[in-house]
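File shown: target.pdb (PDB, C-alpha atoms, pLDDT in the B column).
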```
ATOM      1  CA  MET A 416       0.000   0.000   0.000  1.00 68.00           C
ATOM      2  CA  SER A 417       1.378   3.396  -0.943  1.00 81.00           C
ATOM      3  CA  PRO A 418       2.007   5.909   1.888  1.00 80.00           C
ATOM      4  CA  GLU A 419      -0.528   8.298   0.362  1.00 79.00           C
ATOM      5  CA  ARG A 420      -3.274   5.713   0.382  1.00 83.00           C
ATOM      6  CA  HIS A 421      -2.348   4.663   3.892  1.00 83.00           C
ATOM      7  CA  LEU A 422      -2.646   8.263   5.064  1.00 78.00           C
ATOM      8  CA  ARG A 423      -5.973   8.659   3.293  1.00 79.00           C
ATOM      9  CA  GLN A 424      -7.338   5.570   5.015  1.00 83.00           C
ATOM     10  CA  ARG A 425      -6.226   6.807   8.413  1.00 82.00           C
ATOM     11  CA  THR A 426      -7.776  10.197   7.769  1.00 78.00           C
ATOM     12  CA  SER A 427     -10.995   8.507   6.756  1.00 81.00           C
ATOM     13  CA  ILE A 428     -11.084   6.577  10.029  1.00 86.00           C
ATOM     14  CA  VAL A 429     -10.533   9.784  12.013  1.00 82.00           C
ATOM     15  CA  LEU A 430     -13.345  11.462  10.089  1.00 81.00           C
ATOM     16  CA  HIS A 431     -15.700   8.611  10.879  1.00 85.00           C
ATOM     17  CA  MET A 432     -14.773   8.846  14.546  1.00 88.00           C
ATOM     18  CA  VAL A 433     -15.452  12.572  14.501  1.00 86.00           C
ATOM     19  CA  MET A 434     -18.857  11.968  12.956  1.00 86.00           C
ATOM     20  CA  ALA A 435     -19.682   9.302  15.552  1.00 91.00           C
ATOM     21  CA  PHE A 436     -18.693  11.740  18.305  1.00 91.00           C
ATOM     22  CA  VAL A 437     -20.881  14.476  16.824  1.00 91.00           C
ATOM     23  CA  VAL A 438     -23.857  12.105  16.696  1.00 92.00           C
ATOM     24  CA  MET A 439     -23.273  11.130  20.329  1.00 94.00           C
ATOM     25  CA  ILE A 440     -23.249  14.778  21.377  1.00 95.00           C
ATOM     26  CA  LEU A 441     -26.464  15.372  19.438  1.00 95.00           C
ATOM     27  CA  LEU A 442     -28.131  12.484  21.258  1.00 95.00           C
ATOM     28  CA  ALA A 443     -26.954  13.919  24.583  1.00 96.00           C
ATOM     29  CA  GLN A 444     -28.407  17.298  23.608  1.00 95.00           C
ATOM     30  CA  LEU A 445     -31.701  15.616  22.769  1.00 95.00           C
ATOM     31  CA  TRP A 446     -31.691  14.057  26.231  1.00 95.00           C
ATOM     32  CA  PHE A 447     -31.023  17.452  27.885  1.00 94.00           C
ATOM     33  CA  PHE A 448     -33.955  18.841  25.926  1.00 94.00           C
ATOM     34  CA  THR A 449     -36.251  16.084  27.224  1.00 92.00           C
ATOM     35  CA  VAL A 450     -35.030  16.702  30.784  1.00 90.00           C
ATOM     36  CA  VAL A 451     -36.058  20.367  30.556  1.00 90.00           C
ATOM     37  CA  LEU A 452     -39.389  19.428  28.960  1.00 88.00           C
ATOM     38  CA  GLU A 453     -40.037  16.983  31.792  1.00 84.00           C
ATOM     39  CA  THR A 454     -39.315  19.691  34.376  1.00 83.00           C
ATOM     40  CA  MET A 455     -41.679  22.024  32.537  1.00 81.00           C
ATOM     41  CA  GLU A 456     -44.492  19.454  32.487  1.00 75.00           C
ATOM     42  CA  THR A 457     -44.163  18.420  36.099  1.00 72.00           C
ATOM     43  CA  HIS A 458     -43.801  22.019  37.361  1.00 67.00           C
ATOM     44  CA  GLY A 459     -40.475  21.052  38.946  1.00 65.00           C
ATOM     45  CA  LYS A 460     -39.049  23.549  41.357  1.00 63.00           C
ATOM     46  CA  SER A 461     -35.343  23.054  40.759  1.00 71.00           C
ATOM     47  CA  ASP A 462     -33.739  25.641  38.498  1.00 80.00           C
ATOM     48  CA  THR A 463     -30.364  23.933  38.915  1.00 87.00           C
ATOM     49  CA  VAL A 464     -31.340  21.017  36.683  1.00 87.00           C
ATOM     50  CA  GLU A 465     -32.442  23.354  33.893  1.00 88.00           C
ATOM     51  CA  LEU A 466     -29.385  25.550  34.166  1.00 91.00           C
ATOM     52  CA  ALA A 467     -27.122  22.500  34.096  1.00 92.00           C
ATOM     53  CA  ALA A 468     -28.980  21.114  31.061  1.00 92.00           C
ATOM     54  CA  ILE A 469     -28.674  24.429  29.201  1.00 93.00           C
ATOM     55  CA  LEU A 470     -24.995  24.731  30.072  1.00 94.00           C
ATOM     56  CA  CYS A 471     -24.241  21.168  28.942  1.00 95.00           C
ATOM     57  CA  SER A 472     -26.233  21.682  25.747  1.00 95.00           C
ATOM     58  CA  LEU A 473     -24.315  24.900  25.074  1.00 95.00           C
ATOM     59  CA  MET A 474     -21.015  23.132  25.610  1.00 95.00           C
ATOM     60  CA  GLY A 475     -22.152  20.281  23.366  1.00 95.00           C
ATOM     61  CA  CYS A 476     -23.117  22.747  20.627  1.00 95.00           C
ATOM     62  CA  GLY A 477     -19.704  24.411  20.869  1.00 95.00           C
ATOM     63  CA  VAL A 478     -17.892  21.082  20.662  1.00 94.00           C
ATOM     64  CA  VAL A 479     -20.034  20.024  17.677  1.00 93.00           C
ATOM     65  CA  TRP A 480     -19.082  23.169  15.737  1.00 93.00           C
ATOM     66  CA  ILE A 481     -15.392  22.787  16.645  1.00 93.00           C
ATOM     67  CA  LEU A 482     -15.498  19.170  15.449  1.00 89.00           C
ATOM     68  CA  ILE A 483     -17.267  20.196  12.250  1.00 88.00           C
ATOM     69  CA  ARG A 484     -14.577  22.775  11.498  1.00 88.00           C
ATOM     70  CA  TYR A 485     -11.925  20.159  12.217  1.00 85.00           C
ATOM     71  CA  TYR A 486     -13.753  17.689   9.996  1.00 82.00           C
ATOM     72  CA  MET A 487     -13.966  20.127   7.124  1.00 82.00           C
ATOM     73  CA  ARG A 488     -10.306  21.067   7.407  1.00 84.00           C
ATOM     74  CA  MET A 489      -9.312  17.404   7.432  1.00 78.00           C
ATOM     75  CA  GLU A 490     -11.527  16.684   4.458  1.00 75.00           C
ATOM     76  CA  LYS A 491     -10.046  19.581   2.533  1.00 77.00           C
ATOM     77  CA  SER A 492      -6.502  18.429   3.209  1.00 74.00           C
ATOM     78  CA  GLN A 493      -7.456  14.924   2.160  1.00 66.00           C
TER      79      GLN A 493
ATOM     80  CA  MET B 178     -28.251  17.208 -14.948  1.00 61.00           C
ATOM     81  CA  LYS B 179     -29.382  13.836 -13.656  1.00 67.00           C
ATOM     82  CA  TRP B 180     -31.899  13.580 -10.812  1.00 64.00           C
ATOM     83  CA  GLY B 181     -29.305  11.754  -8.683  1.00 64.00           C
ATOM     84  CA  ASP B 182     -26.796  14.583  -9.103  1.00 66.00           C
ATOM     85  CA  ASP B 183     -29.429  17.169  -8.325  1.00 66.00           C
ATOM     86  CA  THR B 184     -30.414  15.584  -4.992  1.00 64.00           C
ATOM     87  CA  TYR B 185     -26.871  14.575  -4.026  1.00 69.00           C
ATOM     88  CA  ILE B 186     -25.936  15.767  -0.532  1.00 68.00           C
ATOM     89  CA  THR B 187     -22.253  16.314   0.055  1.00 77.00           C
ATOM     90  CA  ARG B 188     -20.570  15.382   3.302  1.00 75.00           C
ATOM     91  CA  ARG B 189     -19.960  19.071   3.856  1.00 77.00           C
ATOM     92  CA  GLU B 190     -23.681  19.839   3.634  1.00 81.00           C
ATOM     93  CA  PHE B 191     -24.501  16.931   5.907  1.00 82.00           C
ATOM     94  CA  THR B 192     -22.086  18.091   8.615  1.00 83.00           C
ATOM     95  CA  LYS B 193     -23.566  21.587   8.404  1.00 85.00           C
ATOM     96  CA  PHE B 194     -26.994  20.042   8.872  1.00 88.00           C
ATOM     97  CA  LEU B 195     -25.725  18.257  11.999  1.00 89.00           C
ATOM     98  CA  GLY B 196     -24.342  21.536  13.323  1.00 91.00           C
ATOM     99  CA  LEU B 197     -27.655  23.285  12.762  1.00 93.00           C
ATOM    100  CA  THR B 198     -29.471  20.397  14.465  1.00 93.00           C
ATOM    101  CA  SER B 199     -27.235  20.944  17.469  1.00 94.00           C
ATOM    102  CA  VAL B 200     -28.129  24.642  17.521  1.00 95.00           C
ATOM    103  CA  GLY B 201     -31.801  23.664  17.219  1.00 95.00           C
ATOM    104  CA  PHE B 202     -31.596  21.417  20.287  1.00 95.00           C
ATOM    105  CA  LEU B 203     -29.864  24.185  22.237  1.00 95.00           C
ATOM    106  CA  LEU B 204     -32.528  26.731  21.278  1.00 96.00           C
ATOM    107  CA  GLY B 205     -35.308  24.254  22.117  1.00 95.00           C
ATOM    108  CA  THR B 206     -33.795  23.619  25.546  1.00 94.00           C
ATOM    109  CA  CYS B 207     -33.511  27.362  26.214  1.00 94.00           C
ATOM    110  CA  LEU B 208     -37.079  28.050  25.032  1.00 94.00           C
ATOM    111  CA  ALA B 209     -38.527  25.270  27.219  1.00 91.00           C
ATOM    112  CA  ALA B 210     -36.646  26.625  30.238  1.00 91.00           C
ATOM    113  CA  ILE B 211     -37.772  30.210  29.545  1.00 91.00           C
ATOM    114  CA  ARG B 212     -41.365  29.042  29.191  1.00 88.00           C
ATOM    115  CA  ARG B 213     -41.244  27.246  32.536  1.00 86.00           C
ATOM    116  CA  TRP B 214     -39.677  30.235  34.298  1.00 86.00           C
ATOM    117  CA  THR B 215     -42.323  32.547  32.828  1.00 85.00           C
ATOM    118  CA  LYS B 216     -45.138  30.250  33.930  1.00 80.00           C
ATOM    119  CA  GLN B 217     -43.619  29.812  37.379  1.00 79.00           C
ATOM    120  CA  SER B 218     -43.352  33.559  37.884  1.00 80.00           C
ATOM    121  CA  GLN B 219     -47.004  33.920  36.815  1.00 76.00           C
ATOM    122  CA  LEU B 220     -48.027  31.246  39.293  1.00 74.00           C
ATOM    123  CA  LYS B 221     -46.137  32.940  42.098  1.00 73.00           C
ATOM    124  CA  GLN B 222     -48.189  36.076  41.552  1.00 74.00           C
ATOM    125  CA  GLN B 223     -51.452  34.174  42.012  1.00 74.00           C
ATOM    126  CA  GLU B 224     -53.752  35.014  44.874  1.00 77.00           C
ATOM    127  CA  GLU B 225     -55.858  32.546  46.841  1.00 83.00           C
ATOM    128  CA  PHE B 226     -58.695  31.315  44.674  1.00 86.00           C
ATOM    129  CA  LEU B 227     -62.254  30.733  45.902  1.00 90.00           C
ATOM    130  CA  ILE B 228     -63.709  27.488  44.537  1.00 91.00           C
ATOM    131  CA  GLY B 229     -67.092  27.757  46.212  1.00 90.00           C
ATOM    132  CA  LYS B 230     -69.118  27.080  49.315  1.00 91.00           C
ATOM    133  CA  LEU B 231     -68.566  23.794  51.122  1.00 89.00           C
ATOM    134  CA  GLU B 232     -72.314  23.220  51.489  1.00 90.00           C
ATOM    135  CA  ASP B 233     -72.719  23.241  47.710  1.00 90.00           C
ATOM    136  CA  ILE B 234     -70.549  20.136  47.330  1.00 91.00           C
ATOM    137  CA  PRO B 235     -72.235  16.939  48.583  1.00 92.00           C
ATOM    138  CA  VAL B 236     -70.231  14.088  50.127  1.00 91.00           C
ATOM    139  CA  GLY B 237     -69.064  11.901  47.224  1.00 90.00           C
ATOM    140  CA  GLY B 238     -69.547  14.817  44.868  1.00 92.00           C
ATOM    141  CA  TYR B 239     -67.185  17.026  42.937  1.00 94.00           C
ATOM    142  CA  LYS B 240     -66.815  20.506  41.513  1.00 93.00           C
ATOM    143  CA  LEU B 241     -64.884  21.582  38.453  1.00 94.00           C
ATOM    144  CA  PHE B 242     -62.905  24.802  38.347  1.00 93.00           C
ATOM    145  CA  ARG B 243     -59.939  26.325  36.550  1.00 91.00           C
ATOM    146  CA  TYR B 244     -56.733  27.275  38.320  1.00 86.00           C
ATOM    147  CA  PRO B 245     -54.331  29.033  37.992  1.00 81.00           C
ATOM    148  CA  THR B 246     -55.204  29.874  34.371  1.00 81.00           C
ATOM    149  CA  GLU B 247     -58.189  29.194  32.141  1.00 85.00           C
ATOM    150  CA  ASN B 248     -56.139  26.446  30.463  1.00 84.00           C
ATOM    151  CA  ASP B 249     -55.764  24.462  33.684  1.00 86.00           C
ATOM    152  CA  PRO B 250     -58.946  22.512  34.457  1.00 92.00           C
ATOM    153  CA  CYS B 251     -59.090  21.188  38.010  1.00 93.00           C
ATOM    154  CA  ILE B 252     -61.433  18.976  39.988  1.00 95.00           C
ATOM    155  CA  LEU B 253     -62.355  19.263  43.649  1.00 95.00           C
ATOM    156  CA  LEU B 254     -63.596  16.067  45.313  1.00 95.00           C
ATOM    157  CA  ARG B 255     -65.421  15.731  48.596  1.00 93.00           C
ATOM    158  CA  LEU B 256     -64.520  12.220  49.665  1.00 91.00           C
ATOM    159  CA  THR B 257     -65.952  12.362  53.161  1.00 89.00           C
ATOM    160  CA  ARG B 258     -67.653  15.031  55.197  1.00 87.00           C
ATOM    161  CA  GLU B 259     -64.276  16.383  56.274  1.00 86.00           C
ATOM    162  CA  LYS B 260     -61.917  15.298  53.534  1.00 91.00           C
ATOM    163  CA  LEU B 261     -61.542  17.421  50.415  1.00 93.00           C
ATOM    164  CA  VAL B 262     -58.924  16.960  47.721  1.00 94.00           C
ATOM    165  CA  ALA B 263     -58.271  18.794  44.475  1.00 94.00           C
ATOM    166  CA  TYR B 264     -56.254  17.814  41.423  1.00 93.00           C
ATOM    167  CA  ASN B 265     -55.315  19.168  38.061  1.00 91.00           C
ATOM    168  CA  GLN B 266     -57.665  17.395  35.685  1.00 93.00           C
ATOM    169  CA  HIS B 267     -55.014  16.741  33.041  1.00 91.00           C
ATOM    170  CA  CYS B 268     -53.989  13.085  32.936  1.00 93.00           C
ATOM    171  CA  THR B 269     -50.224  12.803  33.312  1.00 90.00           C
ATOM    172  CA  HIS B 270     -50.078  10.495  30.299  1.00 89.00           C
ATOM    173  CA  LEU B 271     -51.371  12.574  27.387  1.00 88.00           C
ATOM    174  CA  ALA B 272     -53.316  15.328  29.180  1.00 88.00           C
ATOM    175  CA  CYS B 273     -56.863  14.058  28.590  1.00 92.00           C
ATOM    176  CA  PRO B 274     -59.238  15.293  31.317  1.00 93.00           C
ATOM    177  CA  VAL B 275     -59.880  12.730  34.044  1.00 95.00           C
ATOM    178  CA  TYR B 276     -63.316  12.229  35.577  1.00 94.00           C
ATOM    179  CA  PHE B 277     -64.387  11.095  39.039  1.00 94.00           C
ATOM    180  CA  ARG B 278     -65.868   7.662  39.589  1.00 93.00           C
ATOM    181  CA  PRO B 279     -67.309   7.823  43.137  1.00 90.00           C
ATOM    182  CA  GLU B 280     -68.262   4.131  43.460  1.00 90.00           C
ATOM    183  CA  THR B 281     -64.592   3.078  43.264  1.00 91.00           C
ATOM    184  CA  ALA B 282     -63.097   6.341  44.583  1.00 91.00           C
ATOM    185  CA  GLN B 283     -60.991   6.660  41.450  1.00 94.00           C
ATOM    186  CA  LEU B 284     -60.208   9.274  38.854  1.00 95.00           C
ATOM    187  CA  VAL B 285     -60.361   7.736  35.409  1.00 96.00           C
ATOM    188  CA  CYS B 286     -58.817   8.841  32.160  1.00 95.00           C
ATOM    189  CA  PRO B 287     -61.136   7.654  29.374  1.00 94.00           C
ATOM    190  CA  CYS B 288     -58.571   8.053  26.581  1.00 94.00           C
ATOM    191  CA  HIS B 289     -56.170   5.253  27.517  1.00 92.00           C
ATOM    192  CA  GLU B 290     -57.745   3.747  30.624  1.00 92.00           C
ATOM    193  CA  GLY B 291     -55.559   5.400  33.221  1.00 94.00           C
ATOM    194  CA  PHE B 292     -56.730   5.041  36.833  1.00 96.00           C
ATOM    195  CA  PHE B 293     -55.736   7.279  39.723  1.00 96.00           C
ATOM    196  CA  SER B 294     -56.562   7.077  43.399  1.00 95.00           C
ATOM    197  CA  ALA B 295     -58.959   9.805  44.472  1.00 94.00           C
ATOM    198  CA  GLU B 296     -57.353   9.764  47.936  1.00 93.00           C
ATOM    199  CA  ASP B 297     -53.907  10.958  46.908  1.00 91.00           C
ATOM    200  CA  GLY B 298     -53.799  11.015  43.094  1.00 92.00           C
ATOM    201  CA  ARG B 299     -51.347   8.125  42.739  1.00 93.00           C
ATOM    202  CA  VAL B 300     -51.437   5.917  39.659  1.00 95.00           C
ATOM    203  CA  LEU B 301     -53.378   2.669  40.183  1.00 95.00           C
ATOM    204  CA  ALA B 302     -53.352   1.289  36.650  1.00 94.00           C
ATOM    205  CA  GLY B 303     -52.811   2.206  33.028  1.00 93.00           C
ATOM    206  CA  PRO B 304     -50.129   4.001  31.064  1.00 94.00           C
ATOM    207  CA  PRO B 305     -49.586   7.133  33.232  1.00 93.00           C
ATOM    208  CA  LYS B 306     -46.285   7.144  35.118  1.00 89.00           C
ATOM    209  CA  ARG B 307     -46.753  10.160  37.389  1.00 88.00           C
ATOM    210  CA  PRO B 308     -49.481  10.943  39.933  1.00 91.00           C
ATOM    211  CA  LEU B 309     -51.971  13.713  39.273  1.00 91.00           C
ATOM    212  CA  ALA B 310     -50.828  17.209  40.215  1.00 89.00           C
ATOM    213  CA  ARG B 311     -52.435  17.945  43.559  1.00 90.00           C
ATOM    214  CA  LEU B 312     -53.591  21.348  44.747  1.00 90.00           C
ATOM    215  CA  THR B 313     -53.593  22.453  48.355  1.00 89.00           C
ATOM    216  CA  ILE B 314     -56.991  23.528  49.522  1.00 90.00           C
ATOM    217  CA  GLU B 315     -58.228  25.183  52.660  1.00 90.00           C
ATOM    218  CA  VAL B 316     -61.682  25.585  54.159  1.00 91.00           C
ATOM    219  CA  LYS B 317     -62.286  28.942  55.805  1.00 89.00           C
ATOM    220  CA  SER B 318     -65.676  29.966  57.154  1.00 89.00           C
ATOM    221  CA  GLY B 319     -67.482  27.371  55.061  1.00 89.00           C
ATOM    222  CA  ARG B 320     -65.732  28.381  51.843  1.00 92.00           C
ATOM    223  CA  VAL B 321     -63.209  26.303  49.931  1.00 93.00           C
ATOM    224  CA  TRP B 322     -60.048  28.040  48.735  1.00 92.00           C
ATOM    225  CA  VAL B 323     -57.057  26.940  46.692  1.00 89.00           C
ATOM    226  CA  LYS B 324     -53.814  28.084  48.230  1.00 84.00           C
ATOM    227  CA  PRO B 325     -51.412  29.909  45.920  1.00 72.00           C
ATOM    228  CA  TRP B 326     -48.459  28.242  44.211  1.00 59.00           C
ATOM    229  CA  GLU B 327     -45.758  29.485  46.579  1.00 49.00           C
ATOM    230  CA  ASP B 328     -47.431  27.959  49.624  1.00 43.00           C
ATOM    231  CA  ARG B 329     -47.765  24.598  47.893  1.00 44.00           C
ATOM    232  CA  ALA B 330     -44.124  24.694  46.864  1.00 41.00           C
ATOM    233  CA  ASN B 331     -43.087  25.155  50.458  1.00 41.00           C
ATOM    234  CA  GLU B 332     -45.245  22.303  51.665  1.00 43.00           C
ATOM    235  CA  SER B 333     -43.909  19.563  49.394  1.00 39.00           C
TER     236      SER B 333
END
```
What is this file in C-alpha cells?
Amino acid sequence: MSPERHLRQRTSIVLHMVMAFVVMILLAQLWFFTVVLETMETHGKSDTVELAAILCSLMGCGVVWILIRYYMRMEKSQ
Amino acid sequence: MKWGDDTYITRREFTKFLGLTSVGFLLGTCLAAIRRWTKQSQLKQQEEFLIGKLEDIPVGGYKLFRYPTENDPCILLRLTREKLVAYNQHCTHLACPVYFRPETAQLVCPCHEGFFSAEDGRVLAGPPKRPLARLTIEVKSGRVWVKPWEDRANES
C-alpha cells in the first residue's frame, strides 16, 4: 500500500470517529432537551437542573461546531 | 443534470446540517426553560382562589374549576364530610381530562384507561407514570379556597 493511500485511510477513520462523536453529542443534547421538557411538564421547582442542562447543551453545541470545522479542514486536506 | 446529481448531498452539507441540528436542540432547551420560568413567575403572583361554598358540594360529589389559568382545568372532590382533595384534571399520560368515579373512589382517564386514586392522586393502573398534580386547599368559614403556588411549593 502506498504511503498516500495509507494516510488517506487513516484520515478517513478519524473522520468517521469525529462523525460518531458528533452524533453522540447530538443524542446527549436531545436528552437534555427532554429533561427540561419533563421539568416544565411536572412544574419542577429546581432551576439547577435546567441551568445544568442548558450549560451542557451549550457546551455540546460548541464542541459540535469545533469538530465540524476540524472535519472540514481534514476533508479539505485529504 | 441527472436527478441523482441534483439531490446529491455532500458530506460538507450533511455536517452543516448536523451543526444546525445541534443549535436547534440548544434553542429548544432554552425556550422550554424560559417558558417554565415565565409560567412559574405567573403562578407565584397568584392570589388565593375561591372554589365555592362547602355546602354546595355533597359528600361523594365534585366541583370543576380552573386554576391558575383558564387552560388548567381542576377537579375538587369531597370524599368524606371532612376530607376534600383537588387535582389538576389533566392526565399525566397525554393530558386528557380525568373524571371522578365515586363508586370506586378513582379518577379515570377515558382516553387510555388510566386510573388514579382519588385519595392521593397516585397511579393505580394504566399508562400514566406520574401521579396527578395535587392542589392544596383550605376551608375557611365554610368556603373552599385553593392556596397559591408558593405555599404549595413550600409544603412539598
Hits of the ChimeraX specification (/A :<7) & /B in this structure, as a ChimeraX atom specification: /B:189,192,196,199-200,202-203,205-207,209-210,213
Selected residues written out, C-alpha atoms, as a PDB file, in the frame of the given file:
```pdb
ATOM      1  CA  ARG B 189     -19.960  19.071   3.856  1.00 77.00           C
ATOM      2  CA  THR B 192     -22.086  18.091   8.615  1.00 83.00           C
ATOM      3  CA  GLY B 196     -24.342  21.536  13.323  1.00 91.00           C
ATOM      4  CA  SER B 199     -27.235  20.944  17.469  1.00 94.00           C
ATOM      5  CA  VAL B 200     -28.129  24.642  17.521  1.00 95.00           C
ATOM      6  CA  PHE B 202     -31.596  21.417  20.287  1.00 95.00           C
ATOM      7  CA  LEU B 203     -29.864  24.185  22.237  1.00 95.00           C
ATOM      8  CA  GLY B 205     -35.308  24.254  22.117  1.00 95.00           C
ATOM      9  CA  THR B 206     -33.795  23.619  25.546  1.00 94.00           C
ATOM     10  CA  CYS B 207     -33.511  27.362  26.214  1.00 94.00           C
ATOM     11  CA  ALA B 209     -38.527  25.270  27.219  1.00 91.00           C
ATOM     12  CA  ALA B 210     -36.646  26.625  30.238  1.00 91.00           C
ATOM     13  CA  ARG B 213     -41.244  27.246  32.536  1.00 86.00           C
TER      14      ARG B 213
END
```
Name the residues that the PyMOL selection byres ((chain B and resi 272) around 12) pulls out of this structure, and write them as a count of residues only. 25
As a VMD selection string, please: the residues near Pro308 of chain B (cut-off 7 Å, all atoms listed in the file, same-chain neighbours under 3 positions excluded). chain B and resid 269 298 to 300
Atom CA of Phe293 of chain B to atom CA of Leu241 of chain B, distance in Å rounded to a single decimal: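 Between atom CA of Phe293 of chain B and atom CA of Leu241 of chain B the gap is 17.0 Å.
From atom CA of Pro235 of chain B back to atom CA of Glu247 of chain B, the distance works out to 24.9 Å.
Shortest separation to Met489 of chain A among A:Leu422, A:Val464, A:Ala435, A:Leu430 occurs at residue A:Leu430, atoms counted being only C-alpha atoms.
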Could you expand the PyMOL selection byres ((chain B and resi 313-315) around 10) into the explicit residues it covers here, written as a PyMOL selection string? chain B and resi 225-228+253+261-264+311-312+316-326+328-330+332
Find, counting all atoms listed in the file, the residue in A:Ala467, A:Ser427, A:Met439, A:Ser461 that gets nearest to Lys491 of chain A.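 Of the candidates, the smallest distance to Lys491 of chain A is held by A:Ser427.
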Need the neighbours of (-67.4, 14.7, 45.5): which residues are at most 9 Å away, counting only C-alpha atoms, as a PyMOL selection string? chain B and resi 234-240+253-257+261+277+279
Calculate how many Å separate atom CA of Gln223 of chain B from atom CA of Glu259 of chain B, rounding to one decimal.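 If I compute the distance from atom CA of Gln223 of chain B to atom CA of Glu259 of chain B, I get 26.2 Å.
Minimum atom-to-atom distances from B:Ser218, B:Ala295, B:Glu190, B:Leu195 to Arg278 of chain B were compared using only C-alpha atoms, and the lowest value belongs to B:Ala295.
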